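Chemist: Quick one: the structure is below, questions incoming.
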Amino acid sequence: MAVTDEAIGKIKEMIVSGALRPGDRLPREADLAAELGLSRNSLREAVKALSLLNILDVRQGDGTYVSSLEPQELLEAVSFVLDFHRDDTALQAFQVRGILEPAATAMAAQRITPEQLDGLRQLLAGLGEQPGVEELVASDLEFHRRIAEAAGIPLLCSLLDTVSAPTVRARLWRGITQQDAVARTLAEHTAIVDALEQRDAETARAWSTVHVASITRWLRTAL
């Protein structure tokens with residue numbers, strides 16, 4: 001295992017240093033093993049591990065390439081692990097959202113475009129006053145994704161997308177079991193958009209914090 005870790009580290013260093021760039025094809029296995037001072041077997045195991053993390057792309061009959069290294073692609077492995085979540089993992093996901101999402105919302109208040117604001121208003125208006133729970137949750141996911149995009153940091157947007165995945169079931173259950181969940185969500189979304197429209201970063205941050213905290217508190221009592 002230590003030998004494989006060493007091989008992974010050496011390939012990682014080649015990518016970090018720029019010796020291998022996104023889309024580059026790796027040298028032939030024998031040549032790369034000799035260049036890095038590794039056995040072909042340890043190199044092969046390292047390539048297998050890095051391909052599972054979407055860092056390398058092994059193409060049968062063609063060779064091995066460095067992936068695009070785009071955040072969303074690299075975070076797929078994390079998303080896969082979170083798919084096997086337990087209830088306490090969902091709570092942890094909400095706690096992470098409580099850290100990242102208010103920051104993203106505050107950034108969005110400074111950077112959001114009029115077109116993006118119009119899109120958020122239309123998204124809310126399309127729900128009507130009494131949307132179904134599934135419709136509301138789908139809209140909620142899209143609402144926060146658009147705000148994260150408006151923050152202008154693709155990695156932050158990808159992280160929030162990944163962390164949101166294990167929270168869907170809890171959001172649905174809250175909408176079904178908590179009497180005022182739908183109305184509260186709609187009101188909080190409206191308050192967030194109002195703050196974004198006014199370019200009020202701190203108010204936007206505060207409403208986002210309240211929004212995530214309300215469901216986090218509910219989930220703690222429901223577990």
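Residue names in the structure tokens use chain letters A, B, ... in the order shown, residue numbers from 1 in each chain, and ligand numbers from 1 in the order shown.
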Would you kindly return, as a PyMOL selection string, each protein, DNA or RNA residue with an atom no farther than 10 Å from any atom of Leu117 in chain A, considering only C-alpha atoms and excluding same-chain residues fewer than 2 positions away?
Modeler: chain A and resi 109+112-115+119-123+146-147+150+193-194+196-197
Chemist: What does the file look like for those residues with N, CA, C and O atoms, as an mmCIF file, in the first residue's frame?
Modeler:
```
data_model
loop_
_atom_site.group_PDB
_atom_site.id
_atom_site.type_symbol
_atom_site.label_atom_id
_atom_site.label_comp_id
_atom_site.auth_asym_id
_atom_site.auth_seq_id
_atom_site.Cartn_x
_atom_site.Cartn_y
_atom_site.Cartn_z
ATOM 1 N N ALA A 109 -24.753 38.742 -3.441
ATOM 2 C CA ALA A 109 -25.356 40.072 -3.318
ATOM 3 C C ALA A 109 -24.503 41.141 -3.992
ATOM 4 O O ALA A 109 -25.020 42.164 -4.459
ATOM 5 N N ILE A 112 -24.425 39.478 -8.321
ATOM 6 C CA ILE A 112 -25.547 38.965 -9.102
ATOM 7 C C ILE A 112 -25.974 39.970 -10.172
ATOM 8 O O ILE A 112 -25.944 41.194 -9.944
ATOM 9 N N THR A 113 -26.343 39.466 -11.335
ATOM 10 C CA THR A 113 -26.748 40.331 -12.446
ATOM 11 C C THR A 113 -28.267 40.544 -12.416
ATOM 12 O O THR A 113 -28.994 39.747 -11.819
ATOM 13 N N PRO A 114 -28.750 41.597 -13.076
ATOM 14 C CA PRO A 114 -30.203 41.791 -13.162
ATOM 15 C C PRO A 114 -30.909 40.588 -13.776
ATOM 16 O O PRO A 114 -32.016 40.225 -13.352
ATOM 17 N N GLU A 115 -30.275 39.955 -14.749
ATOM 18 C CA GLU A 115 -30.882 38.784 -15.393
ATOM 19 C C GLU A 115 -30.989 37.619 -14.406
ATOM 20 O O GLU A 115 -31.992 36.890 -14.383
ATOM 21 N N GLY A 119 -34.378 35.825 -12.968
ATOM 22 C CA GLY A 119 -34.558 34.377 -12.978
ATOM 23 C C GLY A 119 -35.008 33.837 -11.634
ATOM 24 O O GLY A 119 -35.860 32.939 -11.560
ATOM 25 N N LEU A 120 -34.450 34.382 -10.554
ATOM 26 C CA LEU A 120 -34.860 33.955 -9.216
ATOM 27 C C LEU A 120 -36.307 34.351 -8.931
ATOM 28 O O LEU A 120 -37.081 33.567 -8.360
ATOM 29 N N ARG A 121 -36.678 35.568 -9.321
ATOM 30 C CA ARG A 121 -38.063 36.020 -9.131
ATOM 31 C C ARG A 121 -39.037 35.121 -9.898
ATOM 32 O O ARG A 121 -40.093 34.747 -9.383
ATOM 33 N N GLN A 122 -38.673 34.781 -11.120
ATOM 34 C CA GLN A 122 -39.548 33.931 -11.937
ATOM 35 C C GLN A 122 -39.656 32.531 -11.349
ATOM 36 O O GLN A 122 -40.723 31.905 -11.386
ATOM 37 N N LEU A 123 -38.550 32.046 -10.790
ATOM 38 C CA LEU A 123 -38.554 30.721 -10.164
ATOM 39 C C LEU A 123 -39.528 30.700 -8.990
ATOM 40 O O LEU A 123 -40.311 29.747 -8.839
ATOM 41 N N ARG A 146 -28.598 28.472 -8.163
ATOM 42 C CA ARG A 146 -28.454 29.715 -8.928
ATOM 43 C C ARG A 146 -27.748 30.801 -8.118
ATOM 44 O O ARG A 146 -26.949 31.570 -8.662
ATOM 45 N N ILE A 147 -28.050 30.872 -6.839
ATOM 46 C CA ILE A 147 -27.377 31.861 -5.993
ATOM 47 C C ILE A 147 -25.891 31.541 -5.885
ATOM 48 O O ILE A 147 -25.038 32.437 -5.965
ATOM 49 N N ALA A 150 -24.213 32.658 -8.918
ATOM 50 C CA ALA A 150 -24.085 34.113 -8.943
ATOM 51 C C ALA A 150 -22.921 34.592 -8.084
ATOM 52 O O ALA A 150 -22.395 35.688 -8.296
ATOM 53 N N VAL A 193 -34.096 36.985 -1.808
ATOM 54 C CA VAL A 193 -34.066 37.680 -3.098
ATOM 55 C C VAL A 193 -34.170 39.189 -2.902
ATOM 56 O O VAL A 193 -33.482 39.964 -3.590
ATOM 57 N N ASP A 194 -34.990 39.630 -1.976
ATOM 58 C CA ASP A 194 -35.104 41.063 -1.693
ATOM 59 C C ASP A 194 -33.746 41.638 -1.281
ATOM 60 O O ASP A 194 -33.355 42.726 -1.737
ATOM 61 N N LEU A 196 -30.782 40.371 -1.971
ATOM 62 C CA LEU A 196 -29.887 40.328 -3.132
ATOM 63 C C LEU A 196 -30.156 41.511 -4.055
ATOM 64 O O LEU A 196 -29.225 42.141 -4.575
ATOM 65 N N GLU A 197 -31.420 41.815 -4.254
ATOM 66 C CA GLU A 197 -31.803 42.911 -5.143
ATOM 67 C C GLU A 197 -31.309 44.253 -4.589
ATOM 68 O O GLU A 197 -30.932 45.147 -5.352
#
```
Chemist: Using DSSP on the backbone coordinates, identify all residues within range 34-184 of chain A classified as alpha helix (DSSP H); present the result as a PyMOL selection string.
Modeler: chain A and resi 34-36+40-52+71-74+76-82+87-111+114-125+133-151+154-164+168-177+181-184
Chemist: Which is closest to Leu32 in chain A among A:Ser17, A:Leu74, A:Lys10, A:Ala49, if we use only C-alpha atoms?
Modeler: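 Checking each of A:Ser17, A:Leu74, A:Lys10, A:Ala49 against Leu32 in chain A, counting only C-alpha atoms, the winner is A:Lys10.
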Chemist: Name the residues of range 15-139 of chain A that come out as strand (DSSP E or B) in a backbone DSSP run; write them as a PyMOL selection string.
Modeler: chain A and resi 25+56-59+63-66
Chemist: How about saving the chosen residues, all heavy atoms kept, as a PDB file, in the first residue's frame?
Modeler:
```pdb
ATOM      1  N   ARG A  25      -2.111  13.190 -22.333  1.00  0.00           N
ATOM      2  CA  ARG A  25      -1.987  11.732 -22.283  1.00  0.00           C
ATOM      3  C   ARG A  25      -0.725  11.367 -21.509  1.00  0.00           C
ATOM      4  O   ARG A  25       0.340  11.952 -21.717  1.00  0.00           O
ATOM      5  CB  ARG A  25      -1.909  11.174 -23.700  1.00  0.00           C
ATOM      6  CG  ARG A  25      -1.802   9.658 -23.769  1.00  0.00           C
ATOM      7  CD  ARG A  25      -1.821   9.189 -25.208  1.00  0.00           C
ATOM      8  NE  ARG A  25      -1.642   7.759 -25.312  1.00  0.00           N
ATOM      9  CZ  ARG A  25      -1.708   7.077 -26.448  1.00  0.00           C
ATOM     10  NH1 ARG A  25      -1.949   7.721 -27.594  1.00  0.00           N
ATOM     11  NH2 ARG A  25      -1.547   5.778 -26.459  1.00  0.00           N
ATOM     12  N   LEU A  56      -7.721  10.705 -13.345  1.00  0.00           N
ATOM     13  CA  LEU A  56      -7.242  10.126 -14.593  1.00  0.00           C
ATOM     14  C   LEU A  56      -8.392   9.439 -15.318  1.00  0.00           C
ATOM     15  O   LEU A  56      -9.344   8.968 -14.696  1.00  0.00           O
ATOM     16  CB  LEU A  56      -6.119   9.116 -14.334  1.00  0.00           C
ATOM     17  CG  LEU A  56      -4.828   9.654 -13.694  1.00  0.00           C
ATOM     18  CD1 LEU A  56      -3.830   8.526 -13.494  1.00  0.00           C
ATOM     19  CD2 LEU A  56      -4.220  10.774 -14.526  1.00  0.00           C
ATOM     20  N   ASP A  57      -8.275   9.409 -16.629  1.00  0.00           N
ATOM     21  CA  ASP A  57      -9.303   8.793 -17.482  1.00  0.00           C
ATOM     22  C   ASP A  57      -8.629   7.697 -18.307  1.00  0.00           C
ATOM     23  O   ASP A  57      -7.828   7.988 -19.208  1.00  0.00           O
ATOM     24  CB  ASP A  57      -9.911   9.856 -18.395  1.00  0.00           C
ATOM     25  CG  ASP A  57     -10.952   9.286 -19.345  1.00  0.00           C
ATOM     26  OD1 ASP A  57     -11.438   8.163 -19.088  1.00  0.00           O
ATOM     27  OD2 ASP A  57     -11.280   9.964 -20.339  1.00  0.00           O
ATOM     28  N   VAL A  58      -8.929   6.439 -17.964  1.00  0.00           N
ATOM     29  CA  VAL A  58      -8.332   5.300 -18.661  1.00  0.00           C
ATOM     30  C   VAL A  58      -9.219   4.928 -19.836  1.00  0.00           C
ATOM     31  O   VAL A  58     -10.386   4.565 -19.647  1.00  0.00           O
ATOM     32  CB  VAL A  58      -8.159   4.095 -17.716  1.00  0.00           C
ATOM     33  CG1 VAL A  58      -7.554   2.917 -18.467  1.00  0.00           C
ATOM     34  CG2 VAL A  58      -7.296   4.471 -16.514  1.00  0.00           C
ATOM     35  N   ARG A  59      -8.688   5.020 -21.041  1.00  0.00           N
ATOM     36  CA  ARG A  59      -9.452   4.722 -22.253  1.00  0.00           C
ATOM     37  C   ARG A  59      -8.883   3.466 -22.897  1.00  0.00           C
ATOM     38  O   ARG A  59      -7.741   3.456 -23.365  1.00  0.00           O
ATOM     39  CB  ARG A  59      -9.379   5.899 -23.236  1.00  0.00           C
ATOM     40  CG  ARG A  59      -9.834   7.215 -22.621  1.00  0.00           C
ATOM     41  CD  ARG A  59      -9.637   8.374 -23.577  1.00  0.00           C
ATOM     42  NE  ARG A  59      -9.869   9.657 -22.923  1.00  0.00           N
ATOM     43  CZ  ARG A  59      -9.651  10.845 -23.485  1.00  0.00           C
ATOM     44  NH1 ARG A  59      -9.188  10.906 -24.737  1.00  0.00           N
ATOM     45  NH2 ARG A  59      -9.863  11.957 -22.804  1.00  0.00           N
ATOM     46  N   GLY A  63      -5.174   4.746 -24.204  1.00  0.00           N
ATOM     47  CA  GLY A  63      -4.197   5.241 -23.240  1.00  0.00           C
ATOM     48  C   GLY A  63      -4.869   5.850 -22.028  1.00  0.00           C
ATOM     49  O   GLY A  63      -6.087   5.766 -21.861  1.00  0.00           O
ATOM     50  N   THR A  64      -4.074   6.461 -21.188  1.00  0.00           N
ATOM     51  CA  THR A  64      -4.560   7.094 -19.969  1.00  0.00           C
ATOM     52  C   THR A  64      -4.329   8.594 -20.059  1.00  0.00           C
ATOM     53  O   THR A  64      -3.238   9.045 -20.408  1.00  0.00           O
ATOM     54  CB  THR A  64      -3.848   6.518 -18.727  1.00  0.00           C
ATOM     55  OG1 THR A  64      -4.101   5.117 -18.660  1.00  0.00           O
ATOM     56  CG2 THR A  64      -4.335   7.179 -17.461  1.00  0.00           C
ATOM     57  N   TYR A  65      -5.365   9.346 -19.724  1.00  0.00           N
ATOM     58  CA  TYR A  65      -5.316  10.805 -19.845  1.00  0.00           C
ATOM     59  C   TYR A  65      -5.622  11.462 -18.505  1.00  0.00           C
ATOM     60  O   TYR A  65      -6.347  10.902 -17.675  1.00  0.00           O
ATOM     61  CB  TYR A  65      -6.348  11.291 -20.873  1.00  0.00           C
ATOM     62  CG  TYR A  65      -6.048  10.869 -22.298  1.00  0.00           C
ATOM     63  CD1 TYR A  65      -6.319   9.571 -22.725  1.00  0.00           C
ATOM     64  CD2 TYR A  65      -5.492  11.766 -23.205  1.00  0.00           C
ATOM     65  CE1 TYR A  65      -6.043   9.178 -24.028  1.00  0.00           C
ATOM     66  CE2 TYR A  65      -5.225  11.390 -24.515  1.00  0.00           C
ATOM     67  CZ  TYR A  65      -5.493  10.084 -24.925  1.00  0.00           C
ATOM     68  OH  TYR A  65      -5.217   9.707 -26.219  1.00  0.00           O
ATOM     69  N   VAL A  66      -5.080  12.660 -18.332  1.00  0.00           N
ATOM     70  CA  VAL A  66      -5.500  13.483 -17.202  1.00  0.00           C
ATOM     71  C   VAL A  66      -6.902  13.993 -17.527  1.00  0.00           C
ATOM     72  O   VAL A  66      -7.185  14.424 -18.645  1.00  0.00           O
ATOM     73  CB  VAL A  66      -4.539  14.675 -16.991  1.00  0.00           C
ATOM     74  CG1 VAL A  66      -4.995  15.530 -15.803  1.00  0.00           C
ATOM     75  CG2 VAL A  66      -3.112  14.178 -16.779  1.00  0.00           C
TER      76      VAL A  66
END
```
Chemist: Could you check how far CA of Pro71 in chain A sits from CA of Arg145 in chain A, in Å to one decimal?
Modeler: 14.8 Å
Chemist: List the neighbours of Val47 in chain A out to 8 Å using only C-alpha atoms; skip same-chain residues closer than 4 positions along the sequence, and give me the result as a VMD selection string.
Modeler: chain A and resid 8 43 51 56
Chemist: Find, counting only C-alpha atoms, the residue in A:Arg97, A:Arg40, A:Arg217, A:His189 that gets nearest to Ala204 in chain A.
Modeler: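 Of all the options, A:His189 lies closest to Ala204 in chain A.
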Chemist: Could you produce a table of the residues of range 95-156 of chain A lying within 6 Å of range 205-208 of chain A, with the nearest pair of atoms per residue and their separation in Å rounded to one decimal, using only C-alpha atoms, ordered by chain and increasing residue number, as a Markdown table?
Modeler:
```
| residue | atom | partner | partner_atom | distance |
| --- | --- | --- | --- | --- |
| A:Pro102 | CA | A:Arg205 | CA | 4.6 |
| A:Thr105 | CA | A:Arg205 | CA | 5.7 |
| A:Ala106 | CA | A:Arg205 | CA | 5.0 |
```
Chemist: Keeping C-alpha atoms for every residue in the selection just given, could you write it to a file as a PDB file, in the first residue's frame?
Modeler:
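Written out: out.pdb:
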```
ATOM      1  CA  PRO A 102     -24.522  32.183   3.809  1.00  0.00           C
ATOM      2  CA  THR A 105     -25.282  34.313  -0.658  1.00  0.00           C
ATOM      3  CA  ALA A 106     -23.354  37.323   0.664  1.00  0.00           C
TER       4      ALA A 106
END
```
Chemist: Within 10 Å of Asn41 in chain A, counting only C-alpha atoms, which residues show up once you throw out same-chain ones fewer than 2 positions away? Write them as a PDB file with N, CA and C atoms, in the first residue's frame, please.
Modeler:
```
ATOM      1  N   VAL A   3       3.803   1.585  -1.264  1.00  0.00           N
ATOM      2  CA  VAL A   3       4.383   1.761  -2.601  1.00  0.00           C
ATOM      3  C   VAL A   3       3.362   2.397  -3.532  1.00  0.00           C
ATOM      4  N   THR A   4       2.111   1.965  -3.440  1.00  0.00           N
ATOM      5  CA  THR A   4       1.051   2.553  -4.265  1.00  0.00           C
ATOM      6  C   THR A   4       0.843   4.017  -3.893  1.00  0.00           C
ATOM      7  N   ALA A   7       3.416   6.045  -5.508  1.00  0.00           N
ATOM      8  CA  ALA A   7       3.139   6.207  -6.941  1.00  0.00           C
ATOM      9  C   ALA A   7       2.060   7.274  -7.154  1.00  0.00           C
ATOM     10  N   GLU A  29       3.137   3.097 -20.072  1.00  0.00           N
ATOM     11  CA  GLU A  29       3.319   2.594 -18.715  1.00  0.00           C
ATOM     12  C   GLU A  29       4.780   2.300 -18.400  1.00  0.00           C
ATOM     13  N   ALA A  33       6.860   4.432 -15.623  1.00  0.00           N
ATOM     14  CA  ALA A  33       7.366   3.712 -14.453  1.00  0.00           C
ATOM     15  C   ALA A  33       8.869   3.930 -14.309  1.00  0.00           C
ATOM     16  N   LEU A  38       9.401   3.624 -10.431  1.00  0.00           N
ATOM     17  CA  LEU A  38       8.371   2.785  -9.832  1.00  0.00           C
ATOM     18  C   LEU A  38       8.291   1.453 -10.564  1.00  0.00           C
ATOM     19  N   SER A  39       7.728   0.452  -9.879  1.00  0.00           N
ATOM     20  CA  SER A  39       7.427  -0.792 -10.586  1.00  0.00           C
ATOM     21  C   SER A  39       6.165  -0.574 -11.416  1.00  0.00           C
ATOM     22  N   LEU A  43       2.586   1.386 -10.317  1.00  0.00           N
ATOM     23  CA  LEU A  43       2.069   2.444 -11.181  1.00  0.00           C
ATOM     24  C   LEU A  43       0.651   2.108 -11.629  1.00  0.00           C
ATOM     25  N   ARG A  44       0.434   0.834 -11.985  1.00  0.00           N
ATOM     26  CA  ARG A  44      -0.884   0.404 -12.451  1.00  0.00           C
ATOM     27  C   ARG A  44      -1.936   0.587 -11.341  1.00  0.00           C
ATOM     28  N   GLU A  45      -1.570   0.251 -10.108  1.00  0.00           N
ATOM     29  CA  GLU A  45      -2.490   0.415  -8.989  1.00  0.00           C
ATOM     30  C   GLU A  45      -2.788   1.894  -8.723  1.00  0.00           C
ATOM     31  N   ALA A  46      -1.767   2.731  -8.876  1.00  0.00           N
ATOM     32  CA  ALA A  46      -1.954   4.166  -8.675  1.00  0.00           C
ATOM     33  C   ALA A  46      -2.898   4.738  -9.728  1.00  0.00           C
ATOM     34  N   VAL A  47      -2.723   4.323 -10.960  1.00  0.00           N
ATOM     35  CA  VAL A  47      -3.589   4.793 -12.040  1.00  0.00           C
ATOM     36  C   VAL A  47      -5.024   4.355 -11.799  1.00  0.00           C
TER      37      VAL A  47
END
```
Chemist: I'd like the contact shell of Glu149 in chain A - 12 Å cut-off, only C-alpha atoms, skipping same-chain residues fewer than 5 positions apart - returned as number ranges by chain.
Modeler: A: 101, 104-105, 107-109, 111-113, 116-117, 120, 142-144, 154-161
Chemist: Excluding Ile15 in chain A and residues on its chain fewer than 5 positions from it, collect all residues at most 10 Å away from it, counting only C-alpha atoms, and give them as a tab-separated table (two decimals) with all heavy atoms, in the first residue's frame.
Modeler:
```tsv
chain	number	residue	atom	x	y	z
A	9	GLY	N	1.40	9.75	-5.18
A	9	GLY	CA	2.02	11.03	-4.88
A	9	GLY	C	2.85	11.57	-6.02
A	9	GLY	O	2.83	12.78	-6.30
A	10	LYS	N	3.56	10.69	-6.70
A	10	LYS	CA	4.42	11.15	-7.81
A	10	LYS	C	3.58	11.60	-9.01
A	10	LYS	O	3.93	12.59	-9.67
A	10	LYS	CB	5.39	10.03	-8.20
A	10	LYS	CG	6.47	9.80	-7.16
A	10	LYS	CD	7.51	8.79	-7.61
A	10	LYS	CE	8.65	8.68	-6.61
A	10	LYS	NZ	9.72	7.75	-7.03
A	20	LEU	N	2.03	17.51	-16.22
A	20	LEU	CA	0.86	16.92	-16.87
A	20	LEU	C	-0.30	17.88	-16.68
A	20	LEU	O	-0.60	18.29	-15.55
A	20	LEU	CB	0.52	15.56	-16.26
A	20	LEU	CG	1.43	14.38	-16.60
A	20	LEU	CD1	1.04	13.17	-15.76
A	20	LEU	CD2	1.36	14.04	-18.09
A	21	ARG	N	-0.96	18.24	-17.76
A	21	ARG	CA	-2.06	19.19	-17.71
A	21	ARG	C	-3.38	18.49	-18.05
A	21	ARG	O	-3.36	17.39	-18.61
A	21	ARG	CB	-1.81	20.36	-18.68
A	21	ARG	CG	-0.56	21.16	-18.33
A	21	ARG	CD	-0.36	22.33	-19.29
A	21	ARG	NE	0.81	23.09	-18.92
A	21	ARG	CZ	0.82	24.06	-17.99
A	21	ARG	NH1	-0.31	24.34	-17.35
A	21	ARG	NH2	1.92	24.71	-17.70
A	22	PRO	N	-4.51	19.12	-17.72
A	22	PRO	CA	-5.80	18.52	-18.08
A	22	PRO	C	-5.86	18.17	-19.57
A	22	PRO	O	-5.52	18.99	-20.42
A	22	PRO	CB	-6.79	19.64	-17.74
A	22	PRO	CG	-6.14	20.39	-16.64
A	22	PRO	CD	-4.68	20.38	-16.97
A	24	ASP	N	-3.96	15.94	-21.02
A	24	ASP	CA	-2.71	15.34	-21.49
A	24	ASP	C	-2.77	13.82	-21.38
A	24	ASP	O	-3.36	13.27	-20.45
A	24	ASP	CB	-1.52	15.83	-20.66
A	24	ASP	CG	-1.07	17.23	-21.05
A	24	ASP	OD1	-1.62	17.78	-22.03
A	24	ASP	OD2	-0.17	17.77	-20.38
A	55	ILE	N	-9.53	11.66	-11.55
A	55	ILE	CA	-8.34	12.48	-11.83
A	55	ILE	C	-7.70	12.01	-13.13
A	55	ILE	O	-7.22	12.82	-13.92
A	55	ILE	CB	-7.35	12.40	-10.66
A	55	ILE	CG1	-7.97	13.07	-9.43
A	55	ILE	CG2	-6.02	13.07	-11.02
A	55	ILE	CD1	-7.19	12.87	-8.15
A	66	VAL	N	-5.08	12.66	-18.33
A	66	VAL	CA	-5.50	13.48	-17.20
A	66	VAL	C	-6.90	13.99	-17.53
A	66	VAL	O	-7.18	14.42	-18.64
A	66	VAL	CB	-4.54	14.68	-16.99
A	66	VAL	CG1	-5.00	15.53	-15.80
A	66	VAL	CG2	-3.11	14.18	-16.78
A	69	LEU	N	-10.23	17.81	-14.74
A	69	LEU	CA	-9.96	18.33	-13.39
A	69	LEU	C	-10.96	19.42	-12.98
A	69	LEU	O	-10.69	20.22	-12.09
A	69	LEU	CB	-8.52	18.86	-13.25
A	69	LEU	CG	-7.41	17.84	-13.52
A	69	LEU	CD1	-6.04	18.49	-13.33
A	69	LEU	CD2	-7.54	16.62	-12.61
```
Chemist: Got a sec: who's within 7 Å of range 169-178 of chain A, counting only C-alpha atoms, leaving out chain neighbours fewer than 6 positions off, as an MDAnalysis selection string?
Modeler: chainID A and resid 133:134 137
